[in-house]
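The next block holds one structure in the form of structure tokens; read it before the comments.
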Amino acid sequence: MSCRLCLCVTSSWLHLQITAVWTQVAMVSRQPLLCSWTPHCLWLLGVILLMDASARPANHSSVRERMGTREENEILPPDHLNGVKLEMDGHLNKDFHQEVFLGKDTDGFEEDAEPRRSRRKLMVIFSKVDVNTDRRISAKEMQHWIMEKTAEHFQEAIAESKVHFQAVDPDGDGHVSWDEYKVKFLASKGHNEREVAEKIKNNEELKIDEETQEVLENLKDRWYQADKPPSDLLLTEEEFLSFLHPEHSRGMLQFMVREIVRDLDQDGDKQLSLPEFISLPVGTVENQQGQDMDDSWVRDRKKEFEELIDADHNGIVTMAELEDYMDPMNEYNALNEAKQMIAIADENQNHHLEPEEVLKYSEFFTGSKLMDYARNVHEEF
């Protein structure tokens, strides 16, 4: 019998036992003379519940494990930056259009959300974007909306960074040293915080695995970049924000661009050609599913390179072009994005978005596919 089947059988038996015990407790509670049995029944129920918990699949993480993960995520700069076109590793941000269309207001568009409620909410957003209330969204209106939603992500990042800064600034002096951060980072990796702090203080060697050491070296490079001149390896709250979120600082955005170009540049000329930008990632899957993924990777990156990143259309992307492309507060890029988003759903080719088109292409704008768009558009609007 497989482990999964064993778990299913065990779980079913346990639930039957729990039901039986609760029935017995209810019957006993109605009989005053037998109330002394109630504690025994409750004890048996407790044992069964503990057995049930131990029989659960291992992929259900505990609260402590989830808390540990959250703490480490707070210490490390995020790989994903909301409202930024590229990930830290140079991959396209697949959720970008939803992030700049919905902002933080993503509730109601989950896969299991009630369709009618989602349609109504989408039309409420449409009304907000449609500033002149002509029931059409122009490129200018979409541009202003994108900038507004991006600003929301900025404010959210500032608020989160403030909390994280306080967590790594134990003495509350408004500055975080590299050693303070290093102690907190290693503690999040399972090291004893007091022992690490003591060894760093005494310049003693730390026993760190090779992978963690490599991460630390990369983080230290990033720390140096976030530390504005004169360099003292002490980060203020503002500098710590740019350490976590490079999109908040021109200097850190340039550092992020250099890192991406370094990883993708194959001929060492510090700029990117189309073949370099669309090169497939290492570890391509050798089957039809993998081939489909590869085709999608190439198609999406080629379109992005030619239509948005390569501003002068000469087939080469410079660091300056990539920086402009990745700058989330670049109004010119926001206008280009607005035009591209409209073009995706503009079925009648009038260079505007109408309610029917937004509902029909809801998966592009919200990540959720809402059915019966034509029949419901007037009702929901």
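Letters A, B, ... mark the chains of the structure tokens in the order given; residue numbers begin at 1 per chain; ligand numbers begin at 1, in order shown.
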
>> Which residues are near Leu308 of chain A? Cut-off 9 Å, only C-alpha atoms, ignore same chain within fewer than 3 positions. Put them as a list of chain:residue names.
In response: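 Returned residues: A:Lys303, A:Glu304, A:Phe305, A:Ala311, A:Tyr325, A:Asn333, A:Asn336, A:Glu337.
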
How would the residues just chosen look if you wrote them out with N, CA, C and O atoms as a PDB file, in the first residue's frame?
ATOM      1  N   LYS A 303      10.256  40.074 -28.202  1.00  0.00           N
ATOM      2  CA  LYS A 303       9.267  41.153 -28.302  1.00  0.00           C
ATOM      3  C   LYS A 303       9.635  42.307 -27.369  1.00  0.00           C
ATOM      4  O   LYS A 303       9.588  43.478 -27.756  1.00  0.00           O
ATOM      5  N   GLU A 304      10.052  41.968 -26.143  1.00  0.00           N
ATOM      6  CA  GLU A 304      10.417  42.997 -25.163  1.00  0.00           C
ATOM      7  C   GLU A 304      11.651  43.767 -25.626  1.00  0.00           C
ATOM      8  O   GLU A 304      11.723  44.988 -25.514  1.00  0.00           O
ATOM      9  N   PHE A 305      12.636  43.034 -26.118  1.00  0.00           N
ATOM     10  CA  PHE A 305      13.888  43.641 -26.589  1.00  0.00           C
ATOM     11  C   PHE A 305      13.616  44.617 -27.729  1.00  0.00           C
ATOM     12  O   PHE A 305      14.061  45.777 -27.705  1.00  0.00           O
ATOM     13  N   ALA A 311      15.731  51.223 -27.423  1.00  0.00           N
ATOM     14  CA  ALA A 311      15.041  52.492 -27.726  1.00  0.00           C
ATOM     15  C   ALA A 311      15.370  53.028 -29.114  1.00  0.00           C
ATOM     16  O   ALA A 311      14.496  53.569 -29.798  1.00  0.00           O
ATOM     17  N   TYR A 325      14.692  51.467 -19.178  1.00  0.00           N
ATOM     18  CA  TYR A 325      13.626  50.472 -19.288  1.00  0.00           C
ATOM     19  C   TYR A 325      13.196  49.966 -17.913  1.00  0.00           C
ATOM     20  O   TYR A 325      12.006  49.732 -17.652  1.00  0.00           O
ATOM     21  N   ASN A 333       8.504  55.504 -20.337  1.00  0.00           N
ATOM     22  CA  ASN A 333       8.304  54.057 -20.372  1.00  0.00           C
ATOM     23  C   ASN A 333       6.887  53.684 -19.969  1.00  0.00           C
ATOM     24  O   ASN A 333       6.301  52.737 -20.510  1.00  0.00           O
ATOM     25  N   ASN A 336       4.753  54.048 -22.958  1.00  0.00           N
ATOM     26  CA  ASN A 336       4.959  52.925 -23.879  1.00  0.00           C
ATOM     27  C   ASN A 336       4.249  51.666 -23.371  1.00  0.00           C
ATOM     28  O   ASN A 336       3.646  50.914 -24.151  1.00  0.00           O
ATOM     29  N   GLU A 337       4.352  51.436 -22.057  1.00  0.00           N
ATOM     30  CA  GLU A 337       3.672  50.287 -21.469  1.00  0.00           C
ATOM     31  C   GLU A 337       2.166  50.416 -21.635  1.00  0.00           C
ATOM     32  O   GLU A 337       1.465  49.434 -21.926  1.00  0.00           O
TER      33      GLU A 337
END

>> To test your reading of the structure, identify every residue in segment 137-314 of chain A that backbone DSSP assigns to strand (DSSP E or B), and report it as JSON, numbers by chain.
In response: {"A": [137, 176, 177, 234, 235, 272, 273]}

> Can you tell me, as number ranges by chain, what residues are no more than 7 Å from segment 134-136 of chain A when counting only C-alpha atoms, ignoring any on the same chain fewer than 6 positions away?
Replying inline: A: 352-354

> Could you pull out all residues of segment 74-212 of chain A with a DSSP call of alpha helix (DSSP H) and give them as a PyMOL selection string?
Replying inline: chain A and resi 74-75+96-102+115-129+139-168+178-188+193-201+210-212

For the residues in the current selection, export C-alpha atoms as an mmCIF file, in the first residue's frame.
data_model
loop_
_atom_site.group_PDB
_atom_site.id
_atom_site.type_symbol
_atom_site.label_atom_id
_atom_site.label_comp_id
_atom_site.auth_asym_id
_atom_site.auth_seq_id
_atom_site.Cartn_x
_atom_site.Cartn_y
_atom_site.Cartn_z
ATOM 1 C CA GLU A 74 13.047 40.031 5.743
ATOM 2 C CA ILE A 75 16.835 39.881 6.075
ATOM 3 C CA PHE A 96 4.274 43.121 -14.243
ATOM 4 C CA HIS A 97 1.073 44.044 -16.068
ATOM 5 C CA GLN A 98 -1.098 42.862 -13.189
ATOM 6 C CA GLU A 99 1.092 44.712 -10.696
ATOM 7 C CA VAL A 100 0.808 48.059 -12.483
ATOM 8 C CA PHE A 101 -2.890 47.622 -13.252
ATOM 9 C CA LEU A 102 -4.082 46.360 -9.864
ATOM 10 C CA PRO A 115 -16.725 35.518 -10.884
ATOM 11 C CA ARG A 116 -19.515 38.055 -10.518
ATOM 12 C CA ARG A 117 -17.686 39.829 -7.710
ATOM 13 C CA SER A 118 -14.441 39.832 -9.718
ATOM 14 C CA ARG A 119 -16.168 41.288 -12.792
ATOM 15 C CA ARG A 120 -17.764 44.007 -10.718
ATOM 16 C CA LYS A 121 -14.434 44.882 -9.112
ATOM 17 C CA LEU A 122 -12.702 44.974 -12.494
ATOM 18 C CA MET A 123 -15.296 47.440 -13.769
ATOM 19 C CA VAL A 124 -14.778 49.595 -10.673
ATOM 20 C CA ILE A 125 -11.074 49.755 -11.562
ATOM 21 C CA PHE A 126 -12.007 50.565 -15.174
ATOM 22 C CA SER A 127 -14.087 53.517 -13.925
ATOM 23 C CA LYS A 128 -11.161 54.828 -11.878
ATOM 24 C CA VAL A 129 -8.773 54.671 -14.838
ATOM 25 C CA ALA A 139 -3.059 55.722 -23.426
ATOM 26 C CA LYS A 140 -2.639 58.877 -21.333
ATOM 27 C CA GLU A 141 -5.184 57.677 -18.774
ATOM 28 C CA MET A 142 -3.477 54.298 -18.577
ATOM 29 C CA GLN A 143 -0.079 55.981 -18.226
ATOM 30 C CA HIS A 144 -1.253 58.052 -15.245
ATOM 31 C CA TRP A 145 -2.799 54.938 -13.688
ATOM 32 C CA ILE A 146 0.435 52.942 -14.091
ATOM 33 C CA MET A 147 2.412 55.717 -12.384
ATOM 34 C CA GLU A 148 -0.115 55.829 -9.545
ATOM 35 C CA LYS A 149 -0.004 52.062 -8.963
ATOM 36 C CA THR A 150 3.809 52.060 -9.141
ATOM 37 C CA ALA A 151 3.868 54.760 -6.465
ATOM 38 C CA GLU A 152 1.714 52.465 -4.310
ATOM 39 C CA HIS A 153 4.319 49.717 -4.601
ATOM 40 C CA PHE A 154 7.008 52.245 -3.681
ATOM 41 C CA GLN A 155 5.168 53.265 -0.522
ATOM 42 C CA GLU A 156 4.617 49.636 0.414
ATOM 43 C CA ALA A 157 8.346 48.905 0.002
ATOM 44 C CA ILE A 158 9.244 51.923 2.163
ATOM 45 C CA ALA A 159 6.915 50.764 4.950
ATOM 46 C CA GLU A 160 8.274 47.199 4.867
ATOM 47 C CA SER A 161 11.888 48.387 4.765
ATOM 48 C CA LYS A 162 11.286 50.545 7.833
ATOM 49 C CA VAL A 163 10.156 47.493 9.810
ATOM 50 C CA HIS A 164 13.094 45.412 8.585
ATOM 51 C CA PHE A 165 15.544 48.204 9.389
ATOM 52 C CA GLN A 166 14.374 48.251 12.999
ATOM 53 C CA ALA A 167 14.843 44.470 13.156
ATOM 54 C CA VAL A 168 18.516 44.700 12.142
ATOM 55 C CA TRP A 178 27.743 45.488 8.046
ATOM 56 C CA ASP A 179 28.629 43.373 11.078
ATOM 57 C CA GLU A 180 25.174 43.950 12.635
ATOM 58 C CA TYR A 181 23.515 42.872 9.423
ATOM 59 C CA LYS A 182 25.862 39.894 9.034
ATOM 60 C CA VAL A 183 24.966 38.644 12.528
ATOM 61 C CA LYS A 184 21.225 38.853 11.810
ATOM 62 C CA PHE A 185 21.645 37.186 8.411
ATOM 63 C CA LEU A 186 23.629 34.243 9.812
ATOM 64 C CA ALA A 187 21.140 33.904 12.677
ATOM 65 C CA SER A 188 18.381 33.600 10.076
ATOM 66 C CA GLU A 193 23.287 34.839 17.113
ATOM 67 C CA ARG A 194 25.240 35.419 20.326
ATOM 68 C CA GLU A 195 28.113 33.164 19.269
ATOM 69 C CA VAL A 196 28.349 34.785 15.823
ATOM 70 C CA ALA A 197 28.344 38.289 17.337
ATOM 71 C CA GLU A 198 31.075 37.295 19.791
ATOM 72 C CA LYS A 199 33.289 35.768 17.080
ATOM 73 C CA ILE A 200 32.892 38.789 14.794
ATOM 74 C CA LYS A 201 33.719 41.088 17.697
ATOM 75 C CA GLU A 210 30.622 27.648 0.836
ATOM 76 C CA GLU A 211 27.159 28.584 -0.461
ATOM 77 C CA THR A 212 26.422 30.899 2.479
#

> Out of A:Leu274, A:Leu81, A:Leu241, A:Val215, which residue has the shortest atom-to-atom distance to Val317 of chain A when counting only C-alpha atoms?
Replying inline: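 Closest candidate: A:Leu274.
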
Could you pull the residues within 10 Å of Gly174 of chain A, counting only C-alpha atoms, minus those fewer than 5 positions along the same chain, as a tab-separated table (two decimals) with N, CA and C atoms, in the first residue's frame?
chain	number	residue	atom	x	y	z
A	165	PHE	N	14.41	47.43	8.89
A	165	PHE	CA	15.54	48.20	9.39
A	165	PHE	C	15.59	48.16	10.93
A	166	GLN	N	14.44	48.31	11.53
A	166	GLN	CA	14.37	48.25	13.00
A	166	GLN	C	14.79	46.88	13.52
A	169	ASP	N	18.62	46.76	13.43
A	169	ASP	CA	19.29	47.86	14.14
A	169	ASP	C	19.00	47.72	15.63
A	234	LEU	N	28.24	51.90	7.13
A	234	LEU	CA	27.06	52.09	7.96
A	234	LEU	C	25.92	52.58	7.06
A	235	LEU	N	24.81	51.88	7.08
A	235	LEU	CA	23.67	52.27	6.26
A	235	LEU	C	22.63	52.99	7.09
A	236	THR	N	22.18	54.13	6.59
A	236	THR	CA	21.04	54.81	7.19
A	236	THR	C	19.77	54.09	6.76
A	237	GLU	N	18.64	54.53	7.27
A	237	GLU	CA	17.36	53.91	6.89
A	237	GLU	C	17.11	54.07	5.39

> What gap, in Å, lies between atom CA of Gln213 of chain A and atom CA of Asp173 of chain A?
Replying inline: 27.7 Å

>> Need the shell around Asp232 of chain A: protein/DNA/RNA residues with any atom at most 10 Å away, counting only C-alpha atoms. Skip same-chain ones fewer than 5 positions apart. Format as a ChimeraX atom specification?
In response: /A:177-178,224,227

>> Quick one: residues within 7 Å of Phe243 of chain A, only C-alpha atoms, excluding same-chain residues fewer than 5 positions away - as a VMD selection string?
In response: chain A and resid 222 to 223 226

Once you have the residues from the selection above, write them out as a compact mmCIF listing (two decimals), in the first residue's frame, restricted to N, CA and C atoms.
# COMPACT_ATOMS: atom_id res chain seq x y z
N ARG A 222 26.81 44.50 -2.58
CA ARG A 222 25.57 45.30 -2.66
C ARG A 222 25.53 46.34 -1.53
N TRP A 223 26.02 45.94 -0.35
CA TRP A 223 26.07 46.84 0.81
C TRP A 223 26.96 48.04 0.50
N ALA A 226 25.20 50.46 -1.79
CA ALA A 226 24.13 51.23 -1.14
C ALA A 226 24.69 52.29 -0.20

> With only C-alpha atoms as the atoms that count, which of A:Leu233, A:Thr318, A:Phe364, A:Phe277 lies nearest to Gln340 of chain A?
Replying inline: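 Between A:Leu233, A:Thr318, A:Phe364, A:Phe277, the residue approaching Gln340 of chain A most closely is A:Phe364.
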